[in-house]
Amino acid sequence: MSTSRVKVTEIFLSIQGEADTVGWPTVFVRLTGCPLRCQYCDTQYAFYGGEWLAVDEVLERVAAFGVGHVCVTGGEPLAQKGCAELLMRLCDAGYRVSLETSGAMDVSQVDARVVRVVDVKTPGSGEVARNRLDNLEVLRPEEQVKFVICDRADFDWARQLVLDRRLHERCTVLFSPSAGQLEARELAEWILNERLPVRFQVQLHKYLWGDTPGR
């Protein structure tokens, strides 16, 4: 039995709203805490509080939902020491595991069976200085890098980074509009006009349930 533990804000079943597993019933394990303060953050309730759980107990709660996809998210899950073991144990249990991370933490040591979804913070986020761009060099074709776009300046900045680093040749590049700041249609038009080799996405879970925690 493991003695590792993690601080958990919530564990819940929902429809995956983003990335390559969009639409799949997924158990979300939201860990508590984040060193970043992005101005558009929609999970500020995960910054504090939470409940310490043994990794074994997290596995038990996940298993009770009876689905095959698990997403470990936050906050910033990699800020917790126990996250690495949690990811490994979920993979050992046979789940298809994804990790949503801010891009401010080293992702190179994450279990190779985990699909990493790595944010790149744009200037509009207020946290562009926290990007660890070396993370982009270790991503595999089945993984994703995500940009949340706040305005045209963000779009131009992200477009240049994608093209300069040829990110689209390494993995899937996701562009999402920042809710309440940029109309989805406007971002879609910019992508089309530039013939940019990125995948447009909106947050499906917000379309279904809004900003309700645990959904």
# chains A, B, ... in the order shown; residues from 1 in each chain; ligands from 1

call {"tool": "residues_around", "arguments": {"residues": "Arg116 (chain A)", "least_positions_apart": "2", "cutoff": "10 Å", "atoms": "only C-alpha atoms", "output": "JSON, numbers by chain"}}
result
{"A": [71, 72, 97, 98, 99, 100, 101, 107, 108, 110, 111, 112, 113, 114, 118, 119, 139, 140, 142, 143, 144, 145]}

call {"tool": "write_last_selection", "arguments": {"atoms": "N, CA and C atoms", "output": "mmCIF file, in the first residue's frame"}}
result
data_model
loop_
_atom_site.group_PDB
_atom_site.id
_atom_site.type_symbol
_atom_site.label_atom_id
_atom_site.label_comp_id
_atom_site.auth_asym_id
_atom_site.auth_seq_id
_atom_site.Cartn_x
_atom_site.Cartn_y
_atom_site.Cartn_z
ATOM 1 N N CYS A 71 -8.798 12.284 -16.188
ATOM 2 C CA CYS A 71 -8.032 13.509 -16.406
ATOM 3 C C CYS A 71 -7.616 14.079 -15.067
ATOM 4 N N VAL A 72 -6.313 14.244 -14.860
ATOM 5 C CA VAL A 72 -5.785 14.881 -13.649
ATOM 6 C C VAL A 72 -5.534 16.344 -13.986
ATOM 7 N N VAL A 97 -5.127 8.021 -19.375
ATOM 8 C CA VAL A 97 -4.897 9.133 -18.458
ATOM 9 C C VAL A 97 -4.369 10.354 -19.214
ATOM 10 N N SER A 98 -4.978 11.497 -18.947
ATOM 11 C CA SER A 98 -4.459 12.762 -19.463
ATOM 12 C C SER A 98 -4.148 13.685 -18.294
ATOM 13 N N LEU A 99 -3.220 14.583 -18.534
ATOM 14 C CA LEU A 99 -2.785 15.556 -17.537
ATOM 15 C C LEU A 99 -2.937 16.944 -18.127
ATOM 16 N N GLU A 100 -3.675 17.815 -17.436
ATOM 17 C CA GLU A 100 -3.792 19.207 -17.845
ATOM 18 C C GLU A 100 -2.884 20.036 -16.951
ATOM 19 N N THR A 101 -1.899 20.697 -17.563
ATOM 20 C CA THR A 101 -0.893 21.426 -16.795
ATOM 21 C C THR A 101 -0.671 22.809 -17.379
ATOM 22 N N VAL A 107 7.487 19.009 -17.279
ATOM 23 C CA VAL A 107 6.642 17.855 -17.622
ATOM 24 C C VAL A 107 7.461 16.656 -18.092
ATOM 25 N N SER A 108 8.778 16.784 -18.123
ATOM 26 C CA SER A 108 9.608 15.744 -18.745
ATOM 27 C C SER A 108 9.615 14.435 -17.974
ATOM 28 N N VAL A 110 7.006 13.110 -16.310
ATOM 29 C CA VAL A 110 5.680 12.497 -16.211
ATOM 30 C C VAL A 110 5.700 11.131 -16.888
ATOM 31 N N ASP A 111 5.014 10.169 -16.290
ATOM 32 C CA ASP A 111 4.918 8.813 -16.850
ATOM 33 C C ASP A 111 4.612 8.875 -18.350
ATOM 34 N N ALA A 112 5.359 8.126 -19.130
ATOM 35 C CA ALA A 112 5.255 8.184 -20.589
ATOM 36 C C ALA A 112 3.911 7.700 -21.112
ATOM 37 N N ARG A 113 3.144 7.015 -20.284
ATOM 38 C CA ARG A 113 1.818 6.557 -20.713
ATOM 39 C C ARG A 113 0.753 7.642 -20.613
ATOM 40 N N VAL A 114 1.074 8.735 -19.942
ATOM 41 C CA VAL A 114 0.142 9.843 -19.754
ATOM 42 C C VAL A 114 0.179 10.756 -20.974
ATOM 43 N N VAL A 118 -0.467 20.609 -22.444
ATOM 44 C CA VAL A 118 0.369 21.652 -21.844
ATOM 45 C C VAL A 118 -0.065 23.025 -22.330
ATOM 46 N N ASP A 119 -0.390 23.900 -21.396
ATOM 47 C CA ASP A 119 -0.714 25.281 -21.747
ATOM 48 C C ASP A 119 0.554 26.056 -22.099
ATOM 49 N N LEU A 139 7.248 17.041 -26.122
ATOM 50 C CA LEU A 139 5.900 16.566 -26.416
ATOM 51 C C LEU A 139 5.911 15.574 -27.585
ATOM 52 N N ARG A 140 5.014 14.598 -27.512
ATOM 53 C CA ARG A 140 4.895 13.554 -28.523
ATOM 54 C C ARG A 140 3.707 13.843 -29.437
ATOM 55 N N GLU A 142 0.951 12.418 -30.036
ATOM 56 C CA GLU A 142 -0.391 12.205 -29.480
ATOM 57 C C GLU A 142 -0.758 13.222 -28.399
ATOM 58 N N GLU A 143 0.167 14.119 -28.066
ATOM 59 C CA GLU A 143 -0.070 15.097 -27.017
ATOM 60 C C GLU A 143 -0.478 16.442 -27.612
ATOM 61 N N GLN A 144 -0.824 17.378 -26.727
ATOM 62 C CA GLN A 144 -1.350 18.659 -27.197
ATOM 63 C C GLN A 144 -0.737 19.827 -26.438
ATOM 64 N N VAL A 145 -0.658 20.956 -27.127
ATOM 65 C CA VAL A 145 -0.276 22.213 -26.510
ATOM 66 C C VAL A 145 -1.432 23.175 -26.746
#

call {"tool": "select_by_dssp", "arguments": {"residues": "region 110-189 of chain A", "states": "strand (DSSP E)", "output": "list in words"}}
result
Val115, Arg116, Val117, Val118, Asp119, Val120, Gln144, Val145, Lys146, Phe147, Val148, Ile149, Thr172, Val173, Leu174, Phe175, Ser176 and Pro177 of chain A

call {"tool": "closest_residue", "arguments": {"among": "A:Gly68, A:Gly124, A:Gly49, A:Gly75", "to": "Gly33 (chain A)", "atoms": "only C-alpha atoms"}}
result
A:Gly75

call {"tool": "residues_around", "arguments": {"residues": "Glu57 (chain A)", "least_positions_apart": "4", "cutoff": "12 Å", "atoms": "only C-alpha atoms", "output": "MDAnalysis selection string"}}
result
chainID A and resid 1:8 11 29 51:53 61:64 86 89:90

call {"tool": "select_by_dssp", "arguments": {"residues": "region 7-186 of chain A", "states": "alpha helix (DSSP H)", "output": "ChimeraX atom specification"}}
result
/A:55-65,83-92,152-165,184-186

call {"tool": "closest_residue", "arguments": {"among": "A:Gln160, A:Gln39, A:Gln80, A:Asn193", "to": "Ala179 (chain A)", "atoms": "only C-alpha atoms"}}
result
A:Gln39
